[in-house]
Amino acid sequence: MSSQKNVLEVILNSTRSVFNVQSLRMLTECEDSQKLTKSLHYYVKEGKIRNPRRGIYTKATYDEREMACSLFRPAYISLEYVLQRAGVVFQYDDTITCVSYLNRAVEIEEKAYQFRIINPELWIGMEGIEQNDNILIATPERAFLDMVYLSAGNCYFDNLHPLNKTKVKQLLPLYQSKVLTERVTELLNQK
């Protein structure tokens, strides 16, 4: 049972609140993933940790944004979620919207997570994406560009004033899209 204690200590003492088996294997330096999985199931049964989704383990309370970034890796929070909080889009929605390698809608414990697929080449540059612990989140400027890119320009923004237009223009070359550049230029010149 000593490995179980180490696993529990690692989870409870970590700054992170969401884990998967691979991340715990690295943190605990455990070679035997079956043994690790048995330990995790034991602690779930004992109520020491939670298992809200297959392959995902959490502390008693966890950061929903961290959950969003842990479900399908790589992923970062972007689109409506970031734009609402920046004051660019006024219509409120509690869904955490992410950009990832797949399109998927997931609900965990009554919280909705929406993933939209983006060209893998755009993952090369992490410009405009901030990392806070285990959370990757787009700046409002990157979220704006992601939104225009993914919606093919069929989107509406209530207020573009919170965006730093210089930063938007600096991030535009990452997308390598002449059409996107034209759409963004037109949007920025309208308001």
# chains A, B, ... in the order shown; residues from 1 in each chain; ligands from 1

$ select_by_dssp --residues "range 31-184 of chain A" --states "helix (DSSP H, G or I)" --output "PyMOL selection string"
chain A and resi 33-45+64-71+79-86+120-123+140-150+165-175+178-184

$ closest_atom_pairs --of "range 35-139 of chain A" --to "range 154-175 of chain A" --cutoff "12 Å" --atoms "only C-alpha atoms" --output "tab-separated table"
residue	atom	partner	partner_atom	distance
A:Leu79	CA	A:Cys155	CA	11.0
A:Glu80	CA	A:Phe157	CA	10.0
A:Val82	CA	A:Leu163	CA	11.6
A:Leu83	CA	A:Phe157	CA	8.8
A:Gln84	CA	A:Asp158	CA	9.8
A:Arg85	CA	A:Pro162	CA	10.4
A:Ala86	CA	A:Pro162	CA	6.7
A:Gly87	CA	A:Pro162	CA	6.7
A:Val88	CA	A:Asn159	CA	4.7
A:Val89	CA	A:Asp158	CA	5.2
A:Phe90	CA	A:Asp158	CA	6.3
A:Gln91	CA	A:Asp158	CA	8.8
A:Tyr92	CA	A:Asp158	CA	12.0
A:Ile118	CA	A:Tyr175	CA	10.3
A:Asn119	CA	A:Tyr175	CA	8.9
A:Pro120	CA	A:Tyr175	CA	10.7
A:Glu121	CA	A:Tyr175	CA	8.4
A:Leu122	CA	A:Tyr175	CA	6.4
A:Trp123	CA	A:Leu174	CA	9.3
A:Ile124	CA	A:Leu174	CA	8.7
A:Gly125	CA	A:Leu174	CA	6.9
A:Met126	CA	A:Leu174	CA	9.5
A:Glu127	CA	A:Leu171	CA	7.1
A:Gly128	CA	A:Leu171	CA	7.2
A:Ile129	CA	A:Leu171	CA	10.6
A:Ala138	CA	A:Leu171	CA	11.6
A:Thr139	CA	A:Leu163	CA	9.3

$ residues_around --residues "range 108-117 of chain A" --least-positions-apart "2" --cutoff "9 Å" --atoms "only C-alpha atoms" --output "PDB file with N, CA and C atoms, in the first residue's frame"
ATOM      1  N   PRO A  52     -14.512  11.806 -12.329  1.00  0.00           N
ATOM      2  CA  PRO A  52     -15.700  12.316 -13.006  1.00  0.00           C
ATOM      3  C   PRO A  52     -15.873  11.834 -14.448  1.00  0.00           C
ATOM      4  N   ARG A  53     -14.798  11.328 -15.037  1.00  0.00           N
ATOM      5  CA  ARG A  53     -14.834  10.831 -16.412  1.00  0.00           C
ATOM      6  C   ARG A  53     -13.760   9.766 -16.543  1.00  0.00           C
ATOM      7  N   GLU A  64     -12.598  23.966 -13.299  1.00  0.00           N
ATOM      8  CA  GLU A  64     -13.248  23.529 -14.531  1.00  0.00           C
ATOM      9  C   GLU A  64     -12.432  23.898 -15.770  1.00  0.00           C
ATOM     10  N   ALA A  68     -11.083  21.371 -18.693  1.00  0.00           N
ATOM     11  CA  ALA A  68     -11.218  21.610 -20.131  1.00  0.00           C
ATOM     12  C   ALA A  68      -9.909  21.352 -20.868  1.00  0.00           C
ATOM     13  N   PHE A  72      -8.922  16.632 -23.733  1.00  0.00           N
ATOM     14  CA  PHE A  72      -8.343  16.259 -25.023  1.00  0.00           C
ATOM     15  C   PHE A  72      -7.113  17.128 -25.237  1.00  0.00           C
ATOM     16  N   ALA A  75      -5.135  21.132 -26.109  1.00  0.00           N
ATOM     17  CA  ALA A  75      -6.319  21.987 -26.179  1.00  0.00           C
ATOM     18  C   ALA A  75      -6.044  23.258 -25.394  1.00  0.00           C
ATOM     19  N   ILE A  77      -8.274  26.968 -24.037  1.00  0.00           N
ATOM     20  CA  ILE A  77      -9.550  27.662 -23.909  1.00  0.00           C
ATOM     21  C   ILE A  77      -9.514  28.899 -24.811  1.00  0.00           C
ATOM     22  N   ASP A  94     -22.476  29.585 -20.324  1.00  0.00           N
ATOM     23  CA  ASP A  94     -21.615  28.993 -19.303  1.00  0.00           C
ATOM     24  C   ASP A  94     -20.651  27.932 -19.858  1.00  0.00           C
ATOM     25  N   THR A  95     -20.809  27.562 -21.122  1.00  0.00           N
ATOM     26  CA  THR A  95     -19.969  26.540 -21.743  1.00  0.00           C
ATOM     27  C   THR A  95     -18.526  27.014 -21.822  1.00  0.00           C
ATOM     28  N   ILE A  96     -17.600  26.107 -21.525  1.00  0.00           N
ATOM     29  CA  ILE A  96     -16.184  26.421 -21.718  1.00  0.00           C
ATOM     30  C   ILE A  96     -15.826  25.954 -23.120  1.00  0.00           C
ATOM     31  N   THR A  97     -15.462  26.908 -23.971  1.00  0.00           N
ATOM     32  CA  THR A  97     -15.152  26.604 -25.363  1.00  0.00           C
ATOM     33  C   THR A  97     -13.649  26.507 -25.552  1.00  0.00           C
ATOM     34  N   CYS A  98     -13.246  25.468 -26.278  1.00  0.00           N
ATOM     35  CA  CYS A  98     -11.826  25.191 -26.470  1.00  0.00           C
ATOM     36  C   CYS A  98     -11.518  24.932 -27.938  1.00  0.00           C
ATOM     37  N   VAL A  99     -10.265  25.099 -28.263  1.00  0.00           N
ATOM     38  CA  VAL A  99      -9.744  24.738 -29.572  1.00  0.00           C
ATOM     39  C   VAL A  99      -8.877  23.509 -29.342  1.00  0.00           C
ATOM     40  N   SER A 100      -9.042  22.495 -30.205  1.00  0.00           N
ATOM     41  CA  SER A 100      -8.313  21.248 -30.032  1.00  0.00           C
ATOM     42  C   SER A 100      -8.123  20.560 -31.382  1.00  0.00           C
ATOM     43  N   TYR A 101      -7.805  19.293 -31.344  1.00  0.00           N
ATOM     44  CA  TYR A 101      -7.588  18.508 -32.552  1.00  0.00           C
ATOM     45  C   TYR A 101      -8.855  17.782 -33.006  1.00  0.00           C
ATOM     46  N   LEU A 102      -9.996  17.994 -32.308  1.00  0.00           N
ATOM     47  CA  LEU A 102     -11.243  17.331 -32.661  1.00  0.00           C
ATOM     48  C   LEU A 102     -12.442  18.197 -32.315  1.00  0.00           C
ATOM     49  N   ASN A 103     -13.567  17.879 -32.943  1.00  0.00           N
ATOM     50  CA  ASN A 103     -14.839  18.525 -32.612  1.00  0.00           C
ATOM     51  C   ASN A 103     -15.560  17.612 -31.638  1.00  0.00           C
ATOM     52  N   ARG A 104     -15.938  18.136 -30.489  1.00  0.00           N
ATOM     53  CA  ARG A 104     -16.606  17.300 -29.495  1.00  0.00           C
ATOM     54  C   ARG A 104     -17.316  18.183 -28.494  1.00  0.00           C
ATOM     55  N   ALA A 105     -18.477  17.730 -28.044  1.00  0.00           N
ATOM     56  CA  ALA A 105     -19.192  18.371 -26.943  1.00  0.00           C
ATOM     57  C   ALA A 105     -19.230  17.362 -25.805  1.00  0.00           C
ATOM     58  N   VAL A 106     -18.843  17.791 -24.610  1.00  0.00           N
ATOM     59  CA  VAL A 106     -18.771  16.906 -23.455  1.00  0.00           C
ATOM     60  C   VAL A 106     -19.454  17.593 -22.285  1.00  0.00           C
ATOM     61  N   ASN A 119      -6.723  23.735 -37.486  1.00  0.00           N
ATOM     62  CA  ASN A 119      -5.619  23.205 -38.279  1.00  0.00           C
ATOM     63  C   ASN A 119      -4.413  22.927 -37.382  1.00  0.00           C
ATOM     64  N   PRO A 120      -3.855  21.708 -37.418  1.00  0.00           N
ATOM     65  CA  PRO A 120      -2.713  21.367 -36.556  1.00  0.00           C
ATOM     66  C   PRO A 120      -1.501  22.287 -36.738  1.00  0.00           C
ATOM     67  N   LEU A 150     -12.532  30.002 -37.517  1.00  0.00           N
ATOM     68  CA  LEU A 150     -13.383  28.813 -37.463  1.00  0.00           C
ATOM     69  C   LEU A 150     -14.797  29.058 -37.987  1.00  0.00           C
TER      70      LEU A 150
END

$ select_by_dssp --residues "chain A" --states "strand (DSSP E)" --output "PDB file with N, CA, C and O atoms, in the first residue's frame"
ATOM      1  N   VAL A  18      -6.554  18.354 -11.623  1.00  0.00           N
ATOM      2  CA  VAL A  18      -7.046  17.363 -12.582  1.00  0.00           C
ATOM      3  C   VAL A  18      -5.857  16.564 -13.102  1.00  0.00           C
ATOM      4  O   VAL A  18      -4.828  17.133 -13.471  1.00  0.00           O
ATOM      5  N   PHE A  19      -6.034  15.231 -13.151  1.00  0.00           N
ATOM      6  CA  PHE A  19      -4.944  14.338 -13.549  1.00  0.00           C
ATOM      7  C   PHE A  19      -5.469  13.247 -14.473  1.00  0.00           C
ATOM      8  O   PHE A  19      -6.641  12.883 -14.404  1.00  0.00           O
ATOM      9  N   ASN A  20      -4.579  12.720 -15.292  1.00  0.00           N
ATOM     10  CA  ASN A  20      -4.871  11.486 -16.011  1.00  0.00           C
ATOM     11  C   ASN A  20      -3.778  10.487 -15.637  1.00  0.00           C
ATOM     12  O   ASN A  20      -2.813  10.834 -14.949  1.00  0.00           O
ATOM     13  N   ARG A  50     -11.670  11.876  -6.871  1.00  0.00           N
ATOM     14  CA  ARG A  50     -12.857  11.667  -7.700  1.00  0.00           C
ATOM     15  C   ARG A  50     -12.460  11.196  -9.090  1.00  0.00           C
ATOM     16  O   ARG A  50     -11.340  11.416  -9.533  1.00  0.00           O
ATOM     17  N   ASN A  51     -13.418  10.565  -9.765  1.00  0.00           N
ATOM     18  CA  ASN A  51     -13.230  10.070 -11.126  1.00  0.00           C
ATOM     19  C   ASN A  51     -14.449  10.501 -11.958  1.00  0.00           C
ATOM     20  O   ASN A  51     -15.319   9.701 -12.263  1.00  0.00           O
ATOM     21  N   PRO A  52     -14.512  11.806 -12.329  1.00  0.00           N
ATOM     22  CA  PRO A  52     -15.700  12.316 -13.006  1.00  0.00           C
ATOM     23  C   PRO A  52     -15.873  11.834 -14.448  1.00  0.00           C
ATOM     24  O   PRO A  52     -16.954  11.925 -15.014  1.00  0.00           O
ATOM     25  N   ARG A  53     -14.798  11.328 -15.037  1.00  0.00           N
ATOM     26  CA  ARG A  53     -14.834  10.831 -16.412  1.00  0.00           C
ATOM     27  C   ARG A  53     -13.760   9.766 -16.543  1.00  0.00           C
ATOM     28  O   ARG A  53     -12.707   9.851 -15.908  1.00  0.00           O
ATOM     29  N   ILE A  56      -9.883  10.240 -16.084  1.00  0.00           N
ATOM     30  CA  ILE A  56      -9.628  11.540 -15.456  1.00  0.00           C
ATOM     31  C   ILE A  56      -9.876  11.413 -13.951  1.00  0.00           C
ATOM     32  O   ILE A  56     -10.923  10.938 -13.527  1.00  0.00           O
ATOM     33  N   TYR A  57      -8.916  11.880 -13.170  1.00  0.00           N
ATOM     34  CA  TYR A  57      -9.020  11.852 -11.706  1.00  0.00           C
ATOM     35  C   TYR A  57      -8.813  13.265 -11.197  1.00  0.00           C
ATOM     36  O   TYR A  57      -8.011  14.022 -11.742  1.00  0.00           O
ATOM     37  N   THR A  58      -9.561  13.612 -10.144  1.00  0.00           N
ATOM     38  CA  THR A  58      -9.477  14.970  -9.614  1.00  0.00           C
ATOM     39  C   THR A  58      -9.440  14.959  -8.095  1.00  0.00           C
ATOM     40  O   THR A  58      -9.802  13.971  -7.455  1.00  0.00           O
ATOM     41  N   ALA A  75      -5.135  21.132 -26.109  1.00  0.00           N
ATOM     42  CA  ALA A  75      -6.319  21.987 -26.179  1.00  0.00           C
ATOM     43  C   ALA A  75      -6.044  23.258 -25.394  1.00  0.00           C
ATOM     44  O   ALA A  75      -5.283  23.244 -24.438  1.00  0.00           O
ATOM     45  N   TYR A  76      -6.667  24.338 -25.825  1.00  0.00           N
ATOM     46  CA  TYR A  76      -6.604  25.572 -25.050  1.00  0.00           C
ATOM     47  C   TYR A  76      -7.970  26.243 -25.087  1.00  0.00           C
ATOM     48  O   TYR A  76      -8.743  26.081 -26.020  1.00  0.00           O
ATOM     49  N   ILE A  77      -8.274  26.968 -24.037  1.00  0.00           N
ATOM     50  CA  ILE A  77      -9.550  27.662 -23.909  1.00  0.00           C
ATOM     51  C   ILE A  77      -9.514  28.899 -24.811  1.00  0.00           C
ATOM     52  O   ILE A  77      -8.537  29.650 -24.803  1.00  0.00           O
ATOM     53  N   ILE A  96     -17.600  26.107 -21.525  1.00  0.00           N
ATOM     54  CA  ILE A  96     -16.184  26.421 -21.718  1.00  0.00           C
ATOM     55  C   ILE A  96     -15.826  25.954 -23.120  1.00  0.00           C
ATOM     56  O   ILE A  96     -15.919  24.765 -23.437  1.00  0.00           O
ATOM     57  N   THR A  97     -15.462  26.908 -23.971  1.00  0.00           N
ATOM     58  CA  THR A  97     -15.152  26.604 -25.363  1.00  0.00           C
ATOM     59  C   THR A  97     -13.649  26.507 -25.552  1.00  0.00           C
ATOM     60  O   THR A  97     -12.894  27.333 -25.044  1.00  0.00           O
ATOM     61  N   CYS A  98     -13.246  25.468 -26.278  1.00  0.00           N
ATOM     62  CA  CYS A  98     -11.826  25.191 -26.470  1.00  0.00           C
ATOM     63  C   CYS A  98     -11.518  24.932 -27.938  1.00  0.00           C
ATOM     64  O   CYS A  98     -12.394  24.554 -28.710  1.00  0.00           O
ATOM     65  N   VAL A  99     -10.265  25.099 -28.263  1.00  0.00           N
ATOM     66  CA  VAL A  99      -9.744  24.738 -29.572  1.00  0.00           C
ATOM     67  C   VAL A  99      -8.877  23.509 -29.342  1.00  0.00           C
ATOM     68  O   VAL A  99      -8.086  23.465 -28.401  1.00  0.00           O
ATOM     69  N   SER A 100      -9.042  22.495 -30.205  1.00  0.00           N
ATOM     70  CA  SER A 100      -8.313  21.248 -30.032  1.00  0.00           C
ATOM     71  C   SER A 100      -8.123  20.560 -31.382  1.00  0.00           C
ATOM     72  O   SER A 100      -8.311  21.184 -32.424  1.00  0.00           O
ATOM     73  N   ARG A 104     -15.938  18.136 -30.489  1.00  0.00           N
ATOM     74  CA  ARG A 104     -16.606  17.300 -29.495  1.00  0.00           C
ATOM     75  C   ARG A 104     -17.316  18.183 -28.494  1.00  0.00           C
ATOM     76  O   ARG A 104     -16.814  19.238 -28.113  1.00  0.00           O
ATOM     77  N   ALA A 105     -18.477  17.730 -28.044  1.00  0.00           N
ATOM     78  CA  ALA A 105     -19.192  18.371 -26.943  1.00  0.00           C
ATOM     79  C   ALA A 105     -19.230  17.362 -25.805  1.00  0.00           C
ATOM     80  O   ALA A 105     -19.590  16.200 -26.010  1.00  0.00           O
ATOM     81  N   VAL A 106     -18.843  17.791 -24.610  1.00  0.00           N
ATOM     82  CA  VAL A 106     -18.771  16.906 -23.455  1.00  0.00           C
ATOM     83  C   VAL A 106     -19.454  17.593 -22.285  1.00  0.00           C
ATOM     84  O   VAL A 106     -19.321  18.803 -22.106  1.00  0.00           O
ATOM     85  N   GLU A 107     -20.167  16.807 -21.485  1.00  0.00           N
ATOM     86  CA  GLU A 107     -20.738  17.335 -20.258  1.00  0.00           C
ATOM     87  C   GLU A 107     -20.221  16.502 -19.095  1.00  0.00           C
ATOM     88  O   GLU A 107     -20.292  15.274 -19.116  1.00  0.00           O
ATOM     89  N   ILE A 108     -19.668  17.182 -18.109  1.00  0.00           N
ATOM     90  CA  ILE A 108     -19.160  16.528 -16.908  1.00  0.00           C
ATOM     91  C   ILE A 108     -19.741  17.253 -15.711  1.00  0.00           C
ATOM     92  O   ILE A 108     -19.518  18.460 -15.543  1.00  0.00           O
ATOM     93  N   LYS A 111     -21.530  20.481 -16.290  1.00  0.00           N
ATOM     94  CA  LYS A 111     -20.745  21.553 -16.913  1.00  0.00           C
ATOM     95  C   LYS A 111     -20.476  21.163 -18.359  1.00  0.00           C
ATOM     96  O   LYS A 111     -20.021  20.051 -18.639  1.00  0.00           O
ATOM     97  N   ALA A 112     -20.765  22.071 -19.293  1.00  0.00           N
ATOM     98  CA  ALA A 112     -20.590  21.799 -20.720  1.00  0.00           C
ATOM     99  C   ALA A 112     -19.228  22.287 -21.199  1.00  0.00           C
ATOM    100  O   ALA A 112     -18.781  23.388 -20.846  1.00  0.00           O
ATOM    101  N   TYR A 113     -18.596  21.435 -21.996  1.00  0.00           N
ATOM    102  CA  TYR A 113     -17.308  21.749 -22.622  1.00  0.00           C
ATOM    103  C   TYR A 113     -17.477  21.536 -24.121  1.00  0.00           C
ATOM    104  O   TYR A 113     -17.956  20.494 -24.553  1.00  0.00           O
ATOM    105  N   GLN A 114     -17.081  22.525 -24.916  1.00  0.00           N
ATOM    106  CA  GLN A 114     -17.205  22.439 -26.368  1.00  0.00           C
ATOM    107  C   GLN A 114     -15.811  22.550 -26.982  1.00  0.00           C
ATOM    108  O   GLN A 114     -15.078  23.501 -26.694  1.00  0.00           O
ATOM    109  N   PHE A 115     -15.452  21.581 -27.818  1.00  0.00           N
ATOM    110  CA  PHE A 115     -14.152  21.567 -28.484  1.00  0.00           C
ATOM    111  C   PHE A 115     -14.363  21.740 -29.977  1.00  0.00           C
ATOM    112  O   PHE A 115     -15.223  21.098 -30.564  1.00  0.00           O
ATOM    113  N   ARG A 116     -13.575  22.625 -30.570  1.00  0.00           N
ATOM    114  CA  ARG A 116     -13.631  22.857 -32.015  1.00  0.00           C
ATOM    115  C   ARG A 116     -12.262  22.554 -32.599  1.00  0.00           C
ATOM    116  O   ARG A 116     -11.232  22.914 -32.023  1.00  0.00           O
ATOM    117  N   ILE A 117     -12.275  21.911 -33.749  1.00  0.00           N
ATOM    118  CA  ILE A 117     -11.020  21.495 -34.382  1.00  0.00           C
ATOM    119  C   ILE A 117     -10.397  22.683 -35.104  1.00  0.00           C
ATOM    120  O   ILE A 117     -11.096  23.504 -35.692  1.00  0.00           O
ATOM    121  N   ILE A 129      -1.279  32.625 -26.500  1.00  0.00           N
ATOM    122  CA  ILE A 129      -1.829  31.620 -25.581  1.00  0.00           C
ATOM    123  C   ILE A 129      -1.023  31.698 -24.289  1.00  0.00           C
ATOM    124  O   ILE A 129       0.199  31.566 -24.312  1.00  0.00           O
ATOM    125  N   GLU A 130      -1.728  31.935 -23.190  1.00  0.00           N
ATOM    126  CA  GLU A 130      -1.067  32.053 -21.889  1.00  0.00           C
ATOM    127  C   GLU A 130      -1.209  30.753 -21.117  1.00  0.00           C
ATOM    128  O   GLU A 130      -2.237  30.086 -21.201  1.00  0.00           O
ATOM    129  N   GLN A 131      -0.160  30.408 -20.380  1.00  0.00           N
ATOM    130  CA  GLN A 131      -0.212  29.199 -19.561  1.00  0.00           C
ATOM    131  C   GLN A 131      -0.147  29.596 -18.094  1.00  0.00           C
ATOM    132  O   GLN A 131       0.782  30.267 -17.654  1.00  0.00           O
ATOM    133  N   ASN A 132      -1.175  29.186 -17.356  1.00  0.00           N
ATOM    134  CA  ASN A 132      -1.225  29.391 -15.909  1.00  0.00           C
ATOM    135  C   ASN A 132      -1.374  28.014 -15.285  1.00  0.00           C
ATOM    136  O   ASN A 132      -2.454  27.422 -15.365  1.00  0.00           O
ATOM    137  N   ILE A 135      -3.407  25.284 -17.092  1.00  0.00           N
ATOM    138  CA  ILE A 135      -4.459  25.885 -17.917  1.00  0.00           C
ATOM    139  C   ILE A 135      -3.828  26.681 -19.052  1.00  0.00           C
ATOM    140  O   ILE A 135      -3.003  27.560 -18.822  1.00  0.00           O
ATOM    141  N   LEU A 136      -4.228  26.349 -20.275  1.00  0.00           N
ATOM    142  CA  LEU A 136      -3.830  27.118 -21.450  1.00  0.00           C
ATOM    143  C   LEU A 136      -5.051  27.916 -21.892  1.00  0.00           C
ATOM    144  O   LEU A 136      -6.120  27.344 -22.133  1.00  0.00           O
ATOM    145  N   ILE A 137      -4.879  29.231 -21.995  1.00  0.00           N
ATOM    146  CA  ILE A 137      -6.017  30.086 -22.364  1.00  0.00           C
ATOM    147  C   ILE A 137      -5.558  31.165 -23.340  1.00  0.00           C
ATOM    148  O   ILE A 137      -4.497  31.763 -23.162  1.00  0.00           O
ATOM    149  N   ALA A 138      -6.356  31.347 -24.376  1.00  0.00           N
ATOM    150  CA  ALA A 138      -6.025  32.331 -25.403  1.00  0.00           C
ATOM    151  C   ALA A 138      -6.231  33.742 -24.868  1.00  0.00           C
ATOM    152  O   ALA A 138      -7.095  33.991 -24.028  1.00  0.00           O
TER     153      ALA A 138
END

$ closest_residue --among "A:Val184, A:Met67, A:Leu36, A:Val44" --to "Arg16 in chain A" --atoms "only C-alpha atoms"
A:Met67

$ atom_distance --atom1 "CA of Leu71 in chain A" --atom2 "CA of Asp146 in chain A"
19.7 Å

$ closest_atom_pairs --of "range 46-160 of chain A" --to "range 4-15 of chain A" --cutoff "10 Å" --atoms "only C-alpha atoms" --output "Markdown table"
| residue | atom | partner | partner_atom | distance |
| --- | --- | --- | --- | --- |
| A:Lys48 | CA | A:Leu8 | CA | 7.9 |
| A:Ile49 | CA | A:Leu8 | CA | 8.1 |
| A:Tyr57 | CA | A:Ile11 | CA | 9.2 |
| A:Thr58 | CA | A:Ile11 | CA | 8.1 |
| A:Lys59 | CA | A:Leu12 | CA | 6.9 |
| A:Ala60 | CA | A:Leu12 | CA | 9.4 |
| A:Asp133 | CA | A:Thr15 | CA | 7.7 |
| A:Asn134 | CA | A:Thr15 | CA | 8.8 |
